[in-house]
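For reference, input.cif (mmCIF, C-alpha atoms):
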```cif
data_protein
loop_
_atom_site.label_atom_id
_atom_site.label_comp_id
_atom_site.auth_asym_id
_atom_site.auth_seq_id
_atom_site.Cartn_x
_atom_site.Cartn_y
_atom_site.Cartn_z
CA MET A 1 74.04 69.95 144.12
CA GLU A 2 75.19 71.31 147.44
CA LYS A 3 78.38 69.26 147.19
CA TYR A 4 79.26 70.62 143.72
CA LEU A 5 78.65 74.16 144.85
CA ASN A 6 81.06 73.48 147.65
CA ILE A 7 83.66 72.27 145.11
CA LEU A 8 83.24 75.50 143.12
CA ASN A 9 83.51 77.50 146.34
CA ILE A 10 86.86 75.97 147.23
CA ALA A 11 88.09 76.04 143.59
CA ILE A 12 87.38 79.70 142.88
CA TYR A 13 88.55 81.13 146.19
CA GLY A 14 91.51 78.74 146.19
CA SER A 15 92.63 79.67 142.69
CA ALA A 16 92.25 83.40 143.41
CA VAL A 17 94.41 83.10 146.54
CA LEU A 18 96.85 80.86 144.66
CA LEU A 19 97.20 83.48 141.90
CA MET A 20 97.94 86.13 144.52
CA LEU A 21 100.54 83.91 146.17
CA ILE A 22 102.21 82.99 142.86
CA GLY A 23 102.48 86.66 141.94
CA LEU A 24 103.84 87.58 145.36
CA TYR A 25 106.38 84.74 145.19
CA GLY A 26 107.60 85.99 141.82
CA ALA A 27 107.86 89.56 143.05
CA LEU A 28 109.78 88.53 146.18
CA THR A 29 112.27 85.99 144.87
CA LYS A 30 113.04 86.89 141.24
CA LYS A 31 116.05 88.98 140.32
CA SER A 32 114.94 90.45 137.01
CA LEU A 33 113.01 93.73 137.26
CA ILE A 34 110.61 92.82 134.44
CA LYS A 35 109.81 89.56 136.23
CA ILE A 36 108.99 91.55 139.38
CA VAL A 37 106.55 93.79 137.50
CA LEU A 38 105.02 90.69 135.88
CA GLY A 39 104.55 89.14 139.33
CA LEU A 40 102.80 92.26 140.57
CA SER A 41 100.42 92.20 137.61
CA ILE A 42 99.57 88.54 138.32
CA LEU A 43 98.91 89.54 141.94
CA ASP A 44 96.50 92.17 140.59
CA SER A 45 94.61 89.53 138.60
CA GLY A 46 94.19 87.37 141.69
CA VAL A 47 92.74 90.26 143.69
CA HIS A 48 90.28 91.06 140.89
CA LEU A 49 89.07 87.44 140.72
CA LEU A 50 88.64 87.38 144.51
CA MET A 51 86.51 90.53 144.51
CA ILE A 52 84.27 89.36 141.66
CA ALA A 53 83.82 85.99 143.39
CA ILE A 54 82.64 87.69 146.59
CA GLY A 55 79.83 89.43 144.68
CA TYR A 56 78.61 86.29 142.90
CA LEU A 57 75.16 84.87 143.60
CA LYS A 58 74.18 81.28 142.83
CA ASP A 59 72.03 81.06 139.66
CA GLY A 60 72.23 84.84 139.41
CA THR A 61 72.04 87.03 136.33
CA ALA A 62 74.23 89.94 135.30
CA PRO A 63 73.12 93.29 136.80
CA ILE A 64 71.51 94.56 133.59
CA PHE A 65 67.77 95.27 133.29
CA SER A 66 67.36 94.01 129.76
CA PRO A 67 63.79 93.72 128.40
CA GLY A 68 61.95 90.85 130.08
CA ASN A 69 64.43 90.91 132.93
CA GLU A 70 63.08 93.87 134.89
CA ASP A 71 61.54 92.03 137.82
CA LYS A 72 64.46 89.72 138.59
CA MET A 73 66.06 92.16 140.97
CA ASN A 74 66.59 89.72 143.82
CA ILE A 75 68.61 87.20 141.78
CA MET A 76 71.03 89.73 140.28
CA VAL A 77 74.67 89.49 141.29
CA ASP A 78 76.21 92.31 143.30
CA PRO A 79 77.16 95.25 140.99
CA ILE A 80 79.38 97.09 143.50
CA PRO A 81 82.49 94.84 143.32
CA GLN A 82 82.16 94.88 139.54
CA ALA A 83 82.29 98.67 139.44
CA LEU A 84 85.27 98.58 141.81
CA VAL A 85 87.19 96.03 139.71
CA LEU A 86 86.40 97.98 136.53
CA THR A 87 88.21 100.94 138.09
CA ALA A 88 91.04 98.79 139.42
CA ILE A 89 91.88 97.18 136.06
CA VAL A 90 92.31 100.54 134.30
CA ILE A 91 94.39 101.96 137.16
CA GLY A 92 96.49 98.78 137.18
CA PHE A 93 97.35 99.30 133.52
CA GLY A 94 98.52 102.86 134.25
CA VAL A 95 100.66 101.64 137.15
CA THR A 96 102.22 98.89 135.01
CA ALA A 97 103.04 101.35 132.23
CA VAL A 98 104.78 103.76 134.61
CA ALA A 99 106.69 100.92 136.30
CA LEU A 100 107.92 99.58 132.95
CA SER A 101 109.05 103.02 131.84
CA LEU A 102 111.05 103.29 135.07
CA VAL A 103 112.56 99.87 134.28
CA ILE A 104 113.61 101.05 130.81
CA ARG A 105 115.17 104.14 132.34
CA LEU A 106 117.06 102.07 134.94
CA TYR A 107 118.36 99.75 132.23
CA ARG A 108 119.69 102.68 130.26
CA HIS A 109 121.46 104.02 133.33
CA HIS A 110 122.92 100.80 134.80
CA ASN A 111 122.97 98.60 131.67
CA THR A 112 121.56 95.68 133.61
CA LEU A 113 118.19 94.50 134.93
CA ARG A 114 119.34 92.31 137.84
CA ILE A 115 118.55 93.99 141.12
CA ASP A 116 121.53 92.40 142.86
CA GLU A 117 123.88 94.14 140.44
CA ILE A 118 122.21 97.50 140.71
CA LYS A 119 123.86 98.49 143.97
CA LYS A 120 121.29 100.95 145.22
CA LEU A 121 118.44 98.45 145.01
CA LYS A 122 120.18 95.62 146.84
CA TRP A 123 117.90 93.39 148.91
CA MET B 1 117.41 79.94 151.97
CA LYS B 2 115.56 83.12 151.01
CA LYS B 3 113.15 81.10 148.88
CA VAL B 4 112.37 78.80 151.81
CA ILE B 5 111.55 81.73 154.09
CA VAL B 6 109.35 83.30 151.39
CA LEU B 7 107.54 79.99 150.74
CA ILE B 8 106.83 79.40 154.43
CA SER B 9 105.49 82.90 155.03
CA LEU B 10 103.39 82.76 151.83
CA GLY B 11 101.99 79.43 152.97
CA ILE B 12 100.89 80.88 156.30
CA LEU B 13 99.35 83.90 154.55
CA GLY B 14 97.53 81.69 152.04
CA PHE B 15 96.13 79.45 154.77
CA TYR B 16 94.61 82.38 156.65
CA LEU B 17 93.23 83.99 153.46
CA ILE B 18 91.56 80.71 152.39
CA ASP B 19 90.16 80.26 155.89
CA ILE B 20 88.64 83.76 155.95
CA PHE B 21 87.12 83.61 152.48
CA LEU B 22 85.64 80.12 152.88
CA GLY B 23 83.92 81.51 155.96
CA ILE B 24 82.35 84.27 153.86
CA GLY B 25 80.83 81.75 151.46
CA PHE B 26 80.37 81.64 147.70
CA GLY B 27 77.13 82.35 145.87
CA VAL B 28 75.10 83.41 148.90
CA GLN B 29 73.61 86.73 149.97
CA HIS B 30 75.86 88.34 152.53
CA PHE B 31 76.83 91.60 154.10
CA THR B 32 76.54 93.88 151.06
CA ALA B 33 72.93 92.92 150.31
CA GLY B 34 71.36 96.13 151.63
CA VAL B 35 73.58 98.46 149.61
CA LYS B 36 73.06 96.29 146.53
CA ASP B 37 69.27 96.51 146.74
CA LEU B 38 69.46 100.27 147.20
CA TYR B 39 71.62 100.69 144.10
CA LEU B 40 69.53 98.31 142.00
CA SER B 41 66.19 99.93 142.84
CA ASN B 42 67.54 103.49 142.51
CA SER B 43 69.04 102.70 139.14
CA LYS B 44 65.79 101.16 137.92
CA ASP B 45 63.27 103.64 139.32
CA THR B 46 64.84 107.08 139.48
CA LEU B 47 67.62 106.95 136.85
CA LYS B 48 66.04 104.50 134.33
CA VAL B 49 69.42 103.02 133.43
CA SER B 50 69.57 99.37 132.39
CA ASN B 51 73.21 98.65 133.15
CA VAL B 52 73.60 99.05 136.90
CA VAL B 53 77.40 98.95 136.77
CA THR B 54 77.35 102.01 134.53
CA ALA B 55 74.96 103.76 136.89
CA ILE B 56 77.31 103.11 139.82
CA VAL B 57 80.47 104.07 137.96
CA VAL B 58 79.16 107.29 136.42
CA ASN B 59 76.39 108.52 138.68
CA PHE B 60 76.46 107.17 142.22
CA ARG B 61 80.26 107.04 142.32
CA GLY B 62 80.94 109.63 139.64
CA PHE B 63 83.50 111.52 141.69
CA ASP B 64 85.63 108.37 141.94
CA THR B 65 85.55 108.08 138.17
CA LEU B 66 86.78 111.66 137.84
CA GLY B 67 89.67 110.73 140.15
CA GLU B 68 90.39 107.60 138.12
CA VAL B 69 90.55 109.52 134.85
CA THR B 70 92.90 111.97 136.59
CA VAL B 71 95.16 109.10 137.68
CA LEU B 72 95.28 107.83 134.09
CA PHE B 73 96.18 111.33 132.89
CA LEU B 74 98.94 111.53 135.51
CA ALA B 75 100.28 108.13 134.41
CA SER B 76 100.42 109.28 130.80
CA THR B 77 102.17 112.52 131.81
CA ALA B 78 104.67 110.69 134.03
CA LEU B 79 105.46 108.27 131.22
CA GLY B 80 106.25 111.14 128.87
CA GLY B 81 108.40 112.77 131.54
CA ILE B 82 110.35 109.63 132.43
CA LEU B 83 111.07 108.64 128.85
CA TYR B 84 111.90 112.17 127.74
CA LYS B 85 114.84 112.58 125.37
CA LYS B 86 116.18 115.74 123.82
CA ARG B 87 116.64 114.51 120.28
CA HIS B 88 113.36 112.68 120.02
CA HIS B 89 113.22 111.85 116.35
CA VAL B 90 109.65 111.24 115.27
CA GLY B 91 108.83 109.35 112.13
CA GLU B 92 110.64 106.27 110.90
CA ARG B 93 110.79 103.58 113.55
CA SER B 94 113.37 100.83 113.30
CA VAL B 95 111.69 97.45 113.01
CA LEU B 96 113.09 93.97 112.53
CA PHE B 97 110.78 92.90 109.75
CA PRO B 98 108.62 95.25 107.67
CA ALA B 99 104.99 94.17 107.55
CA SER B 100 103.89 92.26 104.49
CA ARG B 101 101.37 93.56 101.99
CA VAL B 102 98.62 91.28 103.34
CA VAL B 103 99.06 92.64 106.87
CA MET B 104 99.06 96.22 105.59
CA SER B 105 95.83 95.81 103.60
CA GLY B 106 94.18 93.91 106.43
CA ALA B 107 95.09 96.57 108.98
CA LYS B 108 93.77 99.31 106.73
CA LEU B 109 90.55 97.35 106.30
CA LEU B 110 90.11 96.55 109.99
CA PHE B 111 90.98 99.94 111.49
CA PRO B 112 87.68 101.79 110.75
CA SER B 113 85.58 98.90 111.99
CA ILE B 114 87.58 98.67 115.22
CA VAL B 115 87.07 102.40 115.85
CA LEU B 116 83.37 102.02 115.03
CA LEU B 117 83.06 99.10 117.47
CA GLY B 118 84.70 101.18 120.20
CA ALA B 119 82.33 104.10 119.55
CA TYR B 120 79.35 101.72 119.64
CA VAL B 121 80.51 100.26 122.95
CA PHE B 122 80.81 103.62 124.67
CA ILE B 123 77.68 105.18 123.21
CA HIS B 124 75.56 102.20 124.34
CA GLY B 125 77.30 101.96 127.71
CA HIS B 126 74.10 102.47 129.69
CA LEU B 127 72.10 99.86 127.78
CA SER B 128 74.46 96.91 127.32
CA PRO B 129 77.77 95.70 128.79
CA GLY B 130 80.47 98.18 128.01
CA GLY B 131 81.14 101.84 128.53
CA GLY B 132 83.71 104.54 128.27
CA PHE B 133 86.66 102.59 129.59
CA GLN B 134 86.05 99.54 127.41
CA GLY B 135 85.27 101.57 124.28
CA GLY B 136 88.30 103.80 124.78
CA THR B 137 90.53 100.78 125.15
CA ILE B 138 89.15 99.19 121.98
CA ILE B 139 89.86 102.39 120.04
CA ALA B 140 93.39 102.44 121.46
CA THR B 141 93.96 98.86 120.25
CA GLY B 142 92.90 100.00 116.77
CA PHE B 143 95.57 102.70 116.83
CA LEU B 144 98.02 100.12 118.17
CA LEU B 145 97.34 97.92 115.12
CA MET B 146 98.07 100.80 112.76
CA LEU B 147 101.22 101.81 114.67
CA LEU B 148 102.55 98.25 114.60
CA THR B 149 101.84 97.77 110.91
CA TYR B 150 102.97 101.02 109.32
CA ARG B 151 106.38 102.10 110.48
CA ASN B 152 105.85 105.76 109.66
CA TYR B 153 102.26 106.04 110.87
CA SER B 154 102.13 108.92 113.32
CA VAL B 155 99.50 110.27 115.64
CA SER B 156 99.38 114.02 116.14
CA HIS B 157 100.16 114.77 119.78
CA ASN B 158 98.42 118.13 119.58
CA ARG B 159 95.19 116.52 118.44
CA LEU B 160 95.37 113.98 121.27
CA VAL B 161 95.89 116.79 123.77
CA TYR B 162 92.89 118.71 122.38
CA PHE B 163 90.58 115.68 122.56
CA GLU B 164 91.73 114.82 126.06
CA SER B 165 91.38 118.36 127.41
CA LEU B 166 87.98 118.92 125.81
CA ALA B 167 86.68 115.63 127.24
CA GLY B 168 88.01 116.49 130.70
CA ILE B 169 86.51 119.99 130.58
CA LEU B 170 83.16 118.52 129.47
CA PHE B 171 83.16 116.07 132.38
CA VAL B 172 83.97 118.71 135.00
CA SER B 173 81.56 121.29 133.55
CA ILE B 174 78.65 118.80 133.58
CA GLY B 175 79.49 118.15 137.22
CA LEU B 176 79.55 121.88 137.97
CA VAL B 177 76.21 122.46 136.21
CA GLY B 178 74.73 119.81 138.49
CA TYR B 179 76.33 121.49 141.49
CA PHE B 180 74.98 124.96 140.76
CA SER B 181 71.45 123.92 139.75
CA LYS B 182 70.70 120.90 141.94
CA GLY B 183 73.12 121.34 144.82
CA SER B 184 75.52 118.41 144.47
CA PHE B 185 78.40 117.63 142.13
CA LEU B 186 77.48 115.45 139.10
CA GLU B 187 73.77 115.60 139.90
CA ASN B 188 71.49 114.66 137.02
CA VAL B 189 70.09 117.78 135.27
CA LEU B 190 68.63 116.30 132.08
CA PRO B 191 65.30 114.45 131.88
CA VAL B 192 65.60 110.69 132.30
CA GLY B 193 63.81 108.99 129.43
CA ASN B 194 62.27 105.57 129.27
CA MET B 195 64.16 102.44 130.12
CA ASN B 196 66.09 100.62 127.35
CA GLU B 197 66.11 103.59 124.98
CA LEU B 198 69.21 105.35 123.70
CA PHE B 199 68.25 108.70 125.23
CA SER B 200 67.77 107.59 128.80
CA GLY B 201 69.61 108.11 132.02
CA GLY B 202 70.13 111.87 131.73
CA VAL B 203 73.76 112.93 131.80
CA ILE B 204 75.17 109.39 132.02
CA GLY B 205 75.44 108.94 128.26
CA ILE B 206 77.20 112.28 127.76
CA ILE B 207 79.66 111.65 130.59
CA TYR B 208 80.50 108.18 129.31
CA ILE B 209 81.13 109.55 125.80
CA ALA B 210 83.52 112.10 127.34
CA VAL B 211 85.25 109.35 129.35
CA GLY B 212 85.56 107.25 126.19
CA PHE B 213 87.30 110.01 124.26
CA LYS B 214 89.56 110.78 127.20
CA VAL B 215 90.60 107.18 127.80
CA ALA B 216 91.18 106.57 124.09
CA ALA B 217 93.40 109.66 123.82
CA GLU B 218 95.38 108.82 126.96
CA LEU B 219 96.01 105.17 126.09
CA THR B 220 96.96 106.04 122.51
CA GLY B 221 99.40 108.60 123.90
CA ILE B 222 100.94 106.02 126.25
CA ILE B 223 101.35 103.46 123.46
CA TYR B 224 102.77 106.02 121.06
CA THR B 225 105.30 107.29 123.61
CA VAL B 226 106.51 103.81 124.53
CA LEU B 227 106.57 102.50 120.97
CA HIS B 228 108.82 105.29 119.72
CA GLU B 229 111.26 104.57 122.53
CA LYS B 230 114.39 103.19 120.86
CA ASP B 231 117.93 104.12 121.64
CA MET C 1 77.53 69.55 135.59
CA ILE C 2 79.26 70.50 132.33
CA TYR C 3 79.31 74.04 133.65
CA ILE C 4 81.28 72.99 136.72
CA ILE C 5 83.76 70.95 134.65
CA LEU C 6 84.28 73.93 132.31
CA THR C 7 84.90 76.27 135.22
CA LEU C 8 87.35 73.89 136.87
CA THR C 9 89.25 73.43 133.59
CA LEU C 10 89.51 77.19 133.09
CA LEU C 11 90.77 77.72 136.64
CA LEU C 12 93.34 74.94 136.21
CA LEU C 13 94.61 76.43 132.91
CA MET C 14 94.80 79.84 134.57
CA ILE C 15 96.95 78.58 137.43
CA ALA C 16 99.14 76.61 135.00
CA SER C 17 99.83 79.67 132.85
CA ALA C 18 100.59 81.76 135.96
CA VAL C 19 103.12 79.18 137.17
CA TYR C 20 104.65 79.01 133.68
CA ALA C 21 104.91 82.81 133.54
CA ILE C 22 106.87 82.89 136.79
CA TRP C 23 108.99 79.81 136.07
CA GLN C 24 110.05 80.58 132.48
CA LYS C 25 113.50 82.18 132.04
CA ASP C 26 112.73 83.62 128.61
CA LEU C 27 110.82 86.80 129.42
CA LEU C 28 109.02 86.92 126.05
CA TYR C 29 107.42 83.51 126.66
CA ALA C 30 106.58 84.55 130.22
CA VAL C 31 104.77 87.68 129.03
CA ILE C 32 102.78 85.71 126.43
CA ALA C 33 101.80 83.25 129.18
CA SER C 34 100.54 86.10 131.33
CA GLY C 35 98.46 87.33 128.38
CA ILE C 36 96.92 83.85 128.11
CA LEU C 37 96.22 84.01 131.85
CA SER C 38 94.28 87.24 131.28
CA LEU C 39 92.28 85.61 128.47
CA PHE C 40 91.17 82.72 130.71
CA LEU C 41 90.49 85.18 133.52
CA SER C 42 88.12 87.16 131.30
CA ILE C 43 86.17 83.96 130.46
CA VAL C 44 85.94 83.20 134.19
CA PHE C 45 84.58 86.73 134.74
CA LEU C 46 81.94 86.03 132.10
CA ILE C 47 80.95 82.80 133.90
CA LEU C 48 80.72 84.73 137.18
CA GLN C 49 78.15 87.06 135.52
CA ALA C 50 80.36 90.14 135.18
CA PRO C 51 80.28 91.05 131.44
CA ASP C 52 81.55 94.61 131.94
CA VAL C 53 84.66 93.43 133.76
CA ALA C 54 85.20 90.66 131.19
CA LEU C 55 85.22 93.22 128.36
CA THR C 56 87.69 95.45 130.19
CA GLU C 57 89.99 92.56 131.07
CA ALA C 58 89.90 91.23 127.49
CA ALA C 59 90.85 94.61 126.05
CA ILE C 60 93.39 95.79 128.64
CA GLY C 61 94.84 92.57 130.05
CA VAL C 62 95.21 90.68 126.80
CA ALA C 63 96.16 93.40 124.33
CA LEU C 64 97.59 96.50 125.96
CA THR C 65 99.51 95.07 128.94
CA THR C 66 101.15 92.41 126.78
CA ILE C 67 102.20 94.97 124.20
CA ILE C 68 103.66 97.30 126.84
CA PHE C 69 105.66 94.41 128.33
CA ILE C 70 106.91 93.33 124.89
CA ILE C 71 108.07 96.87 124.10
CA ALA C 72 109.90 97.00 127.45
CA ILE C 73 111.61 93.68 126.66
CA ARG C 74 112.60 94.95 123.21
CA ASN C 75 114.24 97.96 124.84
CA THR C 76 116.08 95.95 127.52
CA VAL C 77 117.14 92.27 127.66
CA ARG C 78 115.15 89.23 126.66
CA PHE C 79 116.45 86.66 129.14
CA GLU C 80 116.24 86.65 132.89
CA ASP C 81 119.87 85.55 133.30
CA GLU C 82 122.34 88.25 132.50
CA HIS C 83 124.97 86.14 130.69
CA ASP C 84 122.48 85.29 127.95
CA LYS C 85 122.55 88.91 126.86
CA LYS C 86 125.23 88.49 124.20
CA LYS C 87 123.37 85.55 122.69
CA VAL C 88 120.29 87.72 122.31
CA LYS C 89 122.21 90.49 120.63
CA THR C 90 123.48 88.07 118.03
CA THR C 91 120.20 86.29 117.43
CA THR C 92 117.84 89.23 117.06
CA LYS C 93 119.96 91.70 115.15
#
```
Write the structure described by the file as structure tokens, please.
Amino acid sequence: MEKYLNILNIAIYGSAVLLMLIGLYGALTKKSLIKIVLGLSILDSGVHLLMIAIGYLKDGTAPIFSPGNEDKMNIMVDPIPQALVLTAIVIGFGVTAVALSLVIRLYRHHNTLRIDEIKKLKW
Amino acid sequence: MKKVIVLISLGILGFYLIDIFLGIGFGVQHFTAGVKDLYLSNSKDTLKVSNVVTAIVVNFRGFDTLGEVTVLFLASTALGGILYKKRHHVGERSVLFPASRVVMSGAKLLFPSIVLLGAYVFIHGHLSPGGGFQGGTIIATGFLLMLLTYRNYSVSHNRLVYFESLAGILFVSIGLVGYFSKGSFLENVLPVGNMNELFSGGVIGIIYIAVGFKVAAELTGIIYTVLHEKD
Amino acid sequence: MIYIILTLTLLLLMIASAVYAIWQKDLLYAVIASGILSLFLSIVFLILQAPDVALTEAAIGVALTTIIFIIAIRNTVRFEDEHDKKKVKTTTK
């Protein structure tokens, strides 16, 4: 059992870091502005998965005192990262909406989405 | 060339991140255990709230939630400001295909139950998974369904503004009542009931209902503004 | 055992849809792939015992973010390469 837990350990942390790196790669190398915003939102997802994985406890239950569950306090998973991620997801949606509205505005002004053709945003 | 540089630096970054987090360990008790036990026992004994995440979001970290709702409000305002046009014609939206009769009837049938589900989720936020943010988002998806189906379905901006302002004022005034009677902002002033009942947890239920209305109004406003954006 | 296989499959599908979302030139397909990524992510949150976060991710990540991206694509161009713009104008209008 210890070996399988180790596999899950590497898999979950590895995929969270991989998601972050994929998003960062997209945001750094792509030319289209919508692709950049998409990369940033994938980066967000990776960070959320990482924070939830830190709070996980093996064979734990969700932090809810449902009836018949009131004395299982020491096997509950950590509720603090969950509260933090709950906030972060909603804020991330607001940030994405504002970024996309700026993209629409830029398109209307420059008539293109490629950042190497918009002169003021050149890399 | 640029891609190679980016790939190499991302590889180095990823190696160090993996190294650090494998050192922390997965599924074991670690450095946050003391804070976790404090929150769990406080939520069970003094607040009588079943869902500990709700207790943290609304009560122990309630001021953060007020800031979060403010950020969402600012995002909605900024969106309206950025996409502002002088001749903003409201009403008929241009769509590629009009929705078929089946979709129209189905949307009309589904819309009340979606709103009811959202209200259920935020009223029972302290008993079961869910809460103001989730319920508000579900209600906003209901409005999104109606806006996508009917091309002349319109949401009154004034009504959205009233709901949002009233919910915000309710949130802040509950916090101020706690400040003036108990000495700290968002302190609990109502009696906490028994565990796993609807009227338990003091002000948490009322605050989450206010947050639900506020989030639903803000997200509906964002969707409505962006959806009517067509040059 | 079946639990571990399920988790590994979900993580693999998640990574695959993220790679597809970055690699695809058609932005509409890329956005749909990122919505699928959010769906798998919310199931992973449920497995990691975080039902509140799973609900939020399912509502915001799958529905609202995808719709906002699709509206932005409708108002701008659909393809990542600029010279495909004329083709889009003729195919969608």
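Closest to chain A among B:Ala107, B:Val4, B:Leu148, B:Ile18 is B:Ile18, based on all atoms listed in the file.
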Contact residues (chain B, partner chain A, 9 Å, all atoms listed in the file) as number ranges by chain: B: 2-3, 6-7, 10-11, 13-14, 17-18, 21-22, 24-30, 32-33, 35-37, 39-41, 44, 49-54, 56-57, 64-65, 68-69, 71-76, 78-79, 82-83, 127-129, 133, 195-196, 219, 222, 226, 231
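The space separating atom CA of Glu197 of chain B from atom CA of Leu38 of chain B comes to 22.7 Å.
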What residues in chain C lie within 10 Å of chain A, counting all atoms listed in the file, written as number ranges by chain? C: 1, 4-5, 7-8, 11-12, 14-16, 18-19, 21-25, 27, 30-31, 34, 37-38, 41-42, 44-57, 60-61, 64-65, 68-69, 71-82, 85
Residue IDs satisfying the PyMOL selection byres ((chain B) within 7 of (chain C)), as a VMD selection string: chain B and resid 129 to 130 134 137 to 138 227 230
Could the residues in this selection be written to a file with C-alpha atoms, as an mmCIF file, in the frame of the given file?
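Output saved as out-v6.cif:
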```
data_model
loop_
_atom_site.group_PDB
_atom_site.id
_atom_site.type_symbol
_atom_site.label_atom_id
_atom_site.label_comp_id
_atom_site.auth_asym_id
_atom_site.auth_seq_id
_atom_site.Cartn_x
_atom_site.Cartn_y
_atom_site.Cartn_z
ATOM 1 C CA PRO B 129 77.770 95.700 128.790
ATOM 2 C CA GLY B 130 80.470 98.180 128.010
ATOM 3 C CA GLN B 134 86.050 99.540 127.410
ATOM 4 C CA THR B 137 90.530 100.780 125.150
ATOM 5 C CA ILE B 138 89.150 99.190 121.980
ATOM 6 C CA LEU B 227 106.570 102.500 120.970
ATOM 7 C CA LYS B 230 114.390 103.190 120.860
#
```
Selection under test: the PyMOL selection byres ((chain B and resi 135) around 8); residues as a PyMOL selection string: chain B and resi 117-122+130-134+136-139+212+216
Include C-alpha atoms and write out the residues we just selected as a short mmCIF file (atom, residue, chain, number, x, y, z; two decimals), in the frame of the given file.
```cif
data_model
loop_
_atom_site.label_atom_id
_atom_site.label_comp_id
_atom_site.auth_asym_id
_atom_site.auth_seq_id
_atom_site.Cartn_x
_atom_site.Cartn_y
_atom_site.Cartn_z
CA LEU B 117 83.06 99.10 117.47
CA GLY B 118 84.70 101.18 120.20
CA ALA B 119 82.33 104.10 119.55
CA TYR B 120 79.35 101.72 119.64
CA VAL B 121 80.51 100.26 122.95
CA PHE B 122 80.81 103.62 124.67
CA GLY B 130 80.47 98.18 128.01
CA GLY B 131 81.14 101.84 128.53
CA GLY B 132 83.71 104.54 128.27
CA PHE B 133 86.66 102.59 129.59
CA GLN B 134 86.05 99.54 127.41
CA GLY B 136 88.30 103.80 124.78
CA THR B 137 90.53 100.78 125.15
CA ILE B 138 89.15 99.19 121.98
CA ILE B 139 89.86 102.39 120.04
CA GLY B 212 85.56 107.25 126.19
CA ALA B 216 91.18 106.57 124.09
#
```
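We find atom CA of Ile206 of chain B and atom CA of Leu109 of chain B to be spaced 29.4 Å apart.
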Quick one, how far is atom CA of Gly142 of chain B from atom CA of Thr70 of chain B? 23.2 Å
Please identify all polymer residues within 12 Å of Phe111 of chain B, counting only C-alpha atoms, omitting same-chain residues fewer than 4 positions from it, and present them as an MDAnalysis selection string. chainID B and resid 103:107 115:118 138:147 149
Residue by residue, what does the PyMOL selection byres ((chain B and resi 202) around 8) grab here? Present the result as a list of chain:residue names. B:Leu47, B:Asn188, B:Val189, B:Leu190, B:Pro191, B:Val192, B:Gly193, B:Phe199, B:Ser200, B:Gly201, B:Val203, B:Ile204, B:Gly205
May I have the residues from that selection written out with C-alpha atoms, as an mmCIF file, keeping the file's coordinate frame?
```cif
data_model
loop_
_atom_site.group_PDB
_atom_site.id
_atom_site.type_symbol
_atom_site.label_atom_id
_atom_site.label_comp_id
_atom_site.auth_asym_id
_atom_site.auth_seq_id
_atom_site.Cartn_x
_atom_site.Cartn_y
_atom_site.Cartn_z
ATOM 1 C CA LEU B 47 67.620 106.950 136.850
ATOM 2 C CA ASN B 188 71.490 114.660 137.020
ATOM 3 C CA VAL B 189 70.090 117.780 135.270
ATOM 4 C CA LEU B 190 68.630 116.300 132.080
ATOM 5 C CA PRO B 191 65.300 114.450 131.880
ATOM 6 C CA VAL B 192 65.600 110.690 132.300
ATOM 7 C CA GLY B 193 63.810 108.990 129.430
ATOM 8 C CA PHE B 199 68.250 108.700 125.230
ATOM 9 C CA SER B 200 67.770 107.590 128.800
ATOM 10 C CA GLY B 201 69.610 108.110 132.020
ATOM 11 C CA VAL B 203 73.760 112.930 131.800
ATOM 12 C CA ILE B 204 75.170 109.390 132.020
ATOM 13 C CA GLY B 205 75.440 108.940 128.260
#
```
